[in-house]
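For reference, target.cif is printed below; it contains mmCIF, N, CA and C atoms.
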```cif
data_upload
#
loop_
_atom_site.group_PDB
_atom_site.id
_atom_site.type_symbol
_atom_site.label_atom_id
_atom_site.label_comp_id
_atom_site.auth_asym_id
_atom_site.auth_seq_id
_atom_site.Cartn_x
_atom_site.Cartn_y
_atom_site.Cartn_z
ATOM 1 N N MET D 1 11.565 24.369 19.242
ATOM 2 C CA MET D 1 11.107 24.380 17.870
ATOM 3 C C MET D 1 10.939 22.939 17.381
ATOM 4 N N SER D 2 9.824 22.661 16.806
ATOM 5 C CA SER D 2 9.582 21.298 16.360
ATOM 6 C C SER D 2 10.088 21.110 14.931
ATOM 7 N N THR D 3 10.457 19.887 14.652
ATOM 8 C CA THR D 3 10.927 19.583 13.303
ATOM 9 C C THR D 3 9.731 19.236 12.435
ATOM 10 N N PRO D 4 9.767 19.666 11.197
ATOM 11 C CA PRO D 4 8.640 19.340 10.309
ATOM 12 C C PRO D 4 8.580 17.836 10.061
ATOM 13 N N THR D 5 7.382 17.328 10.039
ATOM 14 C CA THR D 5 7.206 15.900 9.761
ATOM 15 C C THR D 5 6.923 15.716 8.280
ATOM 16 N N ARG D 6 7.478 14.688 7.760
ATOM 17 C CA ARG D 6 7.249 14.368 6.342
ATOM 18 C C ARG D 6 6.138 13.341 6.256
ATOM 19 N N ARG D 7 5.243 13.596 5.385
ATOM 20 C CA ARG D 7 4.173 12.624 5.156
ATOM 21 C C ARG D 7 4.668 11.613 4.143
ATOM 22 N N HIS D 8 4.472 10.382 4.475
ATOM 23 C CA HIS D 8 4.860 9.322 3.543
ATOM 24 C C HIS D 8 3.663 8.997 2.680
ATOM 25 N N ARG D 9 3.845 9.156 1.418
ATOM 26 C CA ARG D 9 2.768 8.836 0.480
ATOM 27 C C ARG D 9 2.811 7.360 0.147
ATOM 28 N N ALA D 10 1.646 6.816 -0.023
ATOM 29 C CA ALA D 10 1.568 5.432 -0.478
ATOM 30 C C ALA D 10 2.067 5.384 -1.912
ATOM 31 N N PRO D 11 2.798 4.341 -2.266
ATOM 32 C CA PRO D 11 3.280 4.267 -3.648
ATOM 33 C C PRO D 11 2.110 4.231 -4.619
ATOM 34 N N LYS D 12 2.298 4.903 -5.732
ATOM 35 C CA LYS D 12 1.235 4.913 -6.739
ATOM 36 C C LYS D 12 1.051 3.521 -7.319
ATOM 37 N N ASP D 13 -0.155 3.251 -7.705
ATOM 38 C CA ASP D 13 -0.482 1.988 -8.345
ATOM 39 C C ASP D 13 0.154 2.010 -9.735
ATOM 40 N N GLU D 14 1.072 1.114 -9.964
ATOM 41 C CA GLU D 14 1.840 1.084 -11.202
ATOM 42 C C GLU D 14 0.935 0.823 -12.419
ATOM 43 N N LEU D 15 1.181 1.549 -13.496
ATOM 44 C CA LEU D 15 0.485 1.306 -14.761
ATOM 45 C C LEU D 15 1.371 0.426 -15.629
ATOM 46 N N LEU D 16 0.826 -0.693 -16.057
ATOM 47 C CA LEU D 16 1.572 -1.610 -16.915
ATOM 48 C C LEU D 16 1.081 -1.475 -18.346
ATOM 49 N N PRO D 17 1.997 -1.461 -19.308
ATOM 50 C CA PRO D 17 1.551 -1.493 -20.709
ATOM 51 C C PRO D 17 0.763 -2.774 -20.956
ATOM 52 N N LEU D 18 -0.191 -2.706 -21.853
ATOM 53 C CA LEU D 18 -1.046 -3.865 -22.132
ATOM 54 C C LEU D 18 -0.213 -5.087 -22.503
ATOM 55 N N SER D 19 0.837 -4.901 -23.283
ATOM 56 C CA SER D 19 1.656 -6.046 -23.693
ATOM 57 C C SER D 19 2.262 -6.766 -22.494
ATOM 58 N N ASP D 20 2.704 -6.017 -21.472
ATOM 59 C CA ASP D 20 3.263 -6.641 -20.269
ATOM 60 C C ASP D 20 2.180 -7.385 -19.494
ATOM 61 N N ALA D 21 0.996 -6.791 -19.392
ATOM 62 C CA ALA D 21 -0.106 -7.428 -18.676
ATOM 63 C C ALA D 21 -0.522 -8.726 -19.376
ATOM 64 N N LEU D 22 -0.593 -8.693 -20.706
ATOM 65 C CA LEU D 22 -0.990 -9.885 -21.454
ATOM 66 C C LEU D 22 0.041 -10.992 -21.311
ATOM 67 N N GLU D 23 1.307 -10.609 -21.302
ATOM 68 C CA GLU D 23 2.366 -11.598 -21.125
ATOM 69 C C GLU D 23 2.273 -12.246 -19.746
ATOM 70 N N GLU D 24 1.973 -11.447 -18.740
ATOM 71 C CA GLU D 24 1.853 -11.965 -17.378
ATOM 72 C C GLU D 24 0.664 -12.915 -17.246
ATOM 73 N N ILE D 25 -0.436 -12.607 -17.916
ATOM 74 C CA ILE D 25 -1.619 -13.480 -17.876
ATOM 75 C C ILE D 25 -1.407 -14.699 -18.769
ATOM 76 N N GLY D 26 -0.667 -14.509 -19.857
ATOM 77 C CA GLY D 26 -0.405 -15.614 -20.772
ATOM 78 C C GLY D 26 -1.437 -15.730 -21.877
ATOM 79 N N ILE D 27 -1.949 -14.584 -22.347
ATOM 80 C CA ILE D 27 -2.928 -14.597 -23.432
ATOM 81 C C ILE D 27 -2.468 -13.676 -24.554
ATOM 82 N N SER D 28 -3.082 -13.852 -25.721
ATOM 83 C CA SER D 28 -2.758 -13.003 -26.868
ATOM 84 C C SER D 28 -3.601 -11.735 -26.826
ATOM 85 N N ARG D 29 -3.214 -10.772 -27.631
ATOM 86 C CA ARG D 29 -3.967 -9.521 -27.729
ATOM 87 C C ARG D 29 -5.375 -9.791 -28.268
ATOM 88 N N ALA D 30 -5.493 -10.724 -29.217
ATOM 89 C CA ALA D 30 -6.802 -11.059 -29.781
ATOM 90 C C ALA D 30 -7.724 -11.637 -28.697
ATOM 91 N N THR D 31 -7.169 -12.487 -27.847
ATOM 92 C CA THR D 31 -7.961 -13.049 -26.745
ATOM 93 C C THR D 31 -8.398 -11.943 -25.799
ATOM 94 N N TRP D 32 -7.496 -11.014 -25.496
ATOM 95 C CA TRP D 32 -7.847 -9.913 -24.594
ATOM 96 C C TRP D 32 -8.991 -9.089 -25.162
ATOM 97 N N TYR D 33 -8.938 -8.774 -26.460
ATOM 98 C CA TYR D 33 -10.040 -8.003 -27.068
ATOM 99 C C TYR D 33 -11.347 -8.783 -27.044
ATOM 100 N N ARG D 34 -11.274 -10.095 -27.265
ATOM 101 C CA ARG D 34 -12.481 -10.924 -27.211
ATOM 102 C C ARG D 34 -13.040 -10.925 -25.788
ATOM 103 N N TRP D 35 -12.169 -11.095 -24.810
ATOM 104 C CA TRP D 35 -12.608 -11.064 -23.417
ATOM 105 C C TRP D 35 -13.204 -9.715 -23.065
ATOM 106 N N ARG D 36 -12.569 -8.645 -23.506
ATOM 107 C CA ARG D 36 -13.041 -7.294 -23.198
ATOM 108 C C ARG D 36 -14.441 -7.071 -23.754
ATOM 109 N N ASN D 37 -14.685 -7.556 -24.967
ATOM 110 C CA ASN D 37 -16.008 -7.417 -25.573
ATOM 111 C C ASN D 37 -17.066 -8.208 -24.814
ATOM 112 N N GLN D 38 -16.645 -9.241 -24.090
ATOM 113 C CA GLN D 38 -17.568 -10.052 -23.289
ATOM 114 C C GLN D 38 -17.643 -9.557 -21.849
ATOM 115 N N GLY D 39 -16.920 -8.480 -21.521
ATOM 116 C CA GLY D 39 -16.937 -7.930 -20.170
ATOM 117 C C GLY D 39 -16.068 -8.691 -19.189
ATOM 118 N N PHE D 40 -15.072 -9.403 -19.692
ATOM 119 C CA PHE D 40 -14.194 -10.211 -18.866
ATOM 120 C C PHE D 40 -12.790 -9.643 -18.941
ATOM 121 N N GLY D 41 -12.014 -9.826 -17.905
ATOM 122 C CA GLY D 41 -10.625 -9.385 -17.918
ATOM 123 C C GLY D 41 -10.392 -8.177 -17.040
ATOM 124 N N PRO D 42 -9.117 -7.829 -16.851
ATOM 125 C CA PRO D 42 -8.791 -6.683 -15.992
ATOM 126 C C PRO D 42 -9.180 -5.376 -16.669
ATOM 127 N N GLU D 43 -9.548 -4.406 -15.853
ATOM 128 C CA GLU D 43 -9.914 -3.090 -16.382
ATOM 129 C C GLU D 43 -8.664 -2.424 -16.963
ATOM 130 N N ALA D 44 -8.809 -1.851 -18.130
ATOM 131 C CA ALA D 44 -7.700 -1.167 -18.795
ATOM 132 C C ALA D 44 -8.115 0.265 -19.106
ATOM 133 N N ARG D 45 -7.135 1.117 -19.182
ATOM 134 C CA ARG D 45 -7.378 2.527 -19.486
ATOM 135 C C ARG D 45 -6.436 2.987 -20.573
ATOM 136 N N ARG D 46 -6.903 3.946 -21.334
ATOM 137 C CA ARG D 46 -6.059 4.557 -22.357
ATOM 138 C C ARG D 46 -5.431 5.809 -21.749
ATOM 139 N N THR D 47 -4.124 5.927 -21.867
ATOM 140 C CA THR D 47 -3.413 7.090 -21.341
ATOM 141 C C THR D 47 -3.582 8.264 -22.305
ATOM 142 N N PRO D 48 -3.252 9.466 -21.866
ATOM 143 C CA PRO D 48 -3.345 10.616 -22.776
ATOM 144 C C PRO D 48 -2.503 10.459 -24.044
ATOM 145 N N SER D 49 -1.444 9.656 -23.953
ATOM 146 C CA SER D 49 -0.599 9.439 -25.129
ATOM 147 C C SER D 49 -1.173 8.381 -26.064
ATOM 148 N N GLY D 50 -2.282 7.723 -25.656
ATOM 149 C CA GLY D 50 -2.935 6.746 -26.517
ATOM 150 C C GLY D 50 -2.610 5.300 -26.192
ATOM 151 N N ARG D 51 -1.700 5.052 -25.247
ATOM 152 C CA ARG D 51 -1.341 3.686 -24.879
ATOM 153 C C ARG D 51 -2.423 3.086 -23.988
ATOM 154 N N ILE D 52 -2.634 1.790 -24.120
ATOM 155 C CA ILE D 52 -3.568 1.084 -23.251
ATOM 156 C C ILE D 52 -2.753 0.487 -22.117
ATOM 157 N N CYS D 53 -3.165 0.788 -20.895
ATOM 158 C CA CYS D 53 -2.442 0.313 -19.710
ATOM 159 C C CYS D 53 -3.411 -0.318 -18.718
ATOM 160 N N VAL D 54 -2.848 -1.182 -17.884
ATOM 161 C CA VAL D 54 -3.609 -1.872 -16.850
ATOM 162 C C VAL D 54 -2.941 -1.556 -15.513
ATOM 163 N N ARG D 55 -3.725 -1.197 -14.528
ATOM 164 C CA ARG D 55 -3.168 -0.948 -13.189
ATOM 165 C C ARG D 55 -2.734 -2.275 -12.561
ATOM 166 N N ARG D 56 -1.635 -2.240 -11.842
ATOM 167 C CA ARG D 56 -1.107 -3.437 -11.183
ATOM 168 C C ARG D 56 -2.163 -4.053 -10.260
ATOM 169 N N SER D 57 -2.880 -3.222 -9.517
ATOM 170 C CA SER D 57 -3.888 -3.745 -8.585
ATOM 171 C C SER D 57 -5.018 -4.465 -9.330
ATOM 172 N N ALA D 58 -5.436 -3.925 -10.479
ATOM 173 C CA ALA D 58 -6.499 -4.560 -11.267
ATOM 174 C C ALA D 58 -6.020 -5.895 -11.835
ATOM 175 N N LEU D 59 -4.770 -5.932 -12.285
ATOM 176 C CA LEU D 59 -4.216 -7.169 -12.839
ATOM 177 C C LEU D 59 -4.085 -8.235 -11.755
ATOM 178 N N ASP D 60 -3.588 -7.842 -10.583
ATOM 179 C CA ASP D 60 -3.448 -8.803 -9.488
ATOM 180 C C ASP D 60 -4.811 -9.333 -9.039
ATOM 181 N N ALA D 61 -5.802 -8.462 -8.961
ATOM 182 C CA ALA D 61 -7.150 -8.894 -8.575
ATOM 183 C C ALA D 61 -7.715 -9.862 -9.609
ATOM 184 N N PHE D 62 -7.486 -9.589 -10.885
ATOM 185 C CA PHE D 62 -7.973 -10.461 -11.946
ATOM 186 C C PHE D 62 -7.295 -11.826 -11.869
ATOM 187 N N LYS D 63 -5.973 -11.829 -11.651
ATOM 188 C CA LYS D 63 -5.252 -13.101 -11.543
ATOM 189 C C LYS D 63 -5.732 -13.897 -10.341
ATOM 190 N N ASP D 64 -6.024 -13.232 -9.222
ATOM 191 C CA ASP D 64 -6.570 -13.914 -8.044
ATOM 192 C C ASP D 64 -7.921 -14.537 -8.361
ATOM 193 N N GLU D 65 -8.718 -13.809 -9.143
ATOM 194 C CA GLU D 65 -10.045 -14.300 -9.545
ATOM 195 C C GLU D 65 -9.903 -15.550 -10.426
ATOM 196 N N LEU D 66 -8.917 -15.545 -11.318
ATOM 197 C CA LEU D 66 -8.690 -16.712 -12.180
ATOM 198 C C LEU D 66 -8.262 -17.920 -11.366
ATOM 199 N N GLU D 67 -7.414 -17.694 -10.368
ATOM 200 C CA GLU D 67 -6.930 -18.810 -9.544
ATOM 201 C C GLU D 67 -8.051 -19.395 -8.698
ATOM 202 N N ALA D 68 -8.996 -18.542 -8.273
ATOM 203 C CA ALA D 68 -10.096 -19.004 -7.437
ATOM 204 C C ALA D 68 -11.103 -19.849 -8.233
ATOM 205 N N ALA D 69 -11.166 -19.613 -9.524
ATOM 206 C CA ALA D 69 -12.157 -20.320 -10.352
ATOM 207 C C ALA D 69 -11.759 -21.737 -10.631
#
```

Using structure tokens, write down the structure from this file.
Amino acid sequence: MSTPTRRHRAPKDELLPLSDALEEIGISRATWYRWRNQGFGPEARRTPSGRICVRRSALDAFKDELEAA
């Protein structure tokens, strides 16, 4: 009899509250809204509860892009 194998799931991409993401980038909320209106900055999503969050992968990619510039 074989033992069942467990599938290891990849960890979910963490959702960060906008305030944490802005603190990590080092900008104000006003700057983020200005950047967003210009099409710049990490992609953010609104959760069903109404909070604006940024995925960890999107934030890391954005920070890498800033360092490359």

* **strand (DSSP E or B) per DSSP on the backbone: members of chain D, as a ChimeraX atom specification** => /D:15-17,44-46,52-55

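Reported to one decimal place, the separation of CA of Glu23 (chain D) from CA of Arg51 (chain D) is 16.2 Å.
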
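The space between atom C of Ala44 (chain D) and atom N of Glu65 (chain D) spans 17.3 Å.
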
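Minimum atom-to-atom distance to Asp60 (chain D), evaluated using all atoms listed in the file, belongs to D:Pro42 out of D:Gly26, D:Pro17, D:Pro48, D:Pro42.
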
* Asked: Got a sec to resolve the PyMOL selection byres (((chain D and resi 55 and name CA) around 7) and name CA) on this structure and send the residues as a PyMOL selection string?
  -> chain D and resi 13-16+53-54+56-59

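If you look at CA of Ser28 (chain D) and CA of Ala68 (chain D), they are 21.6 Å away from each other.
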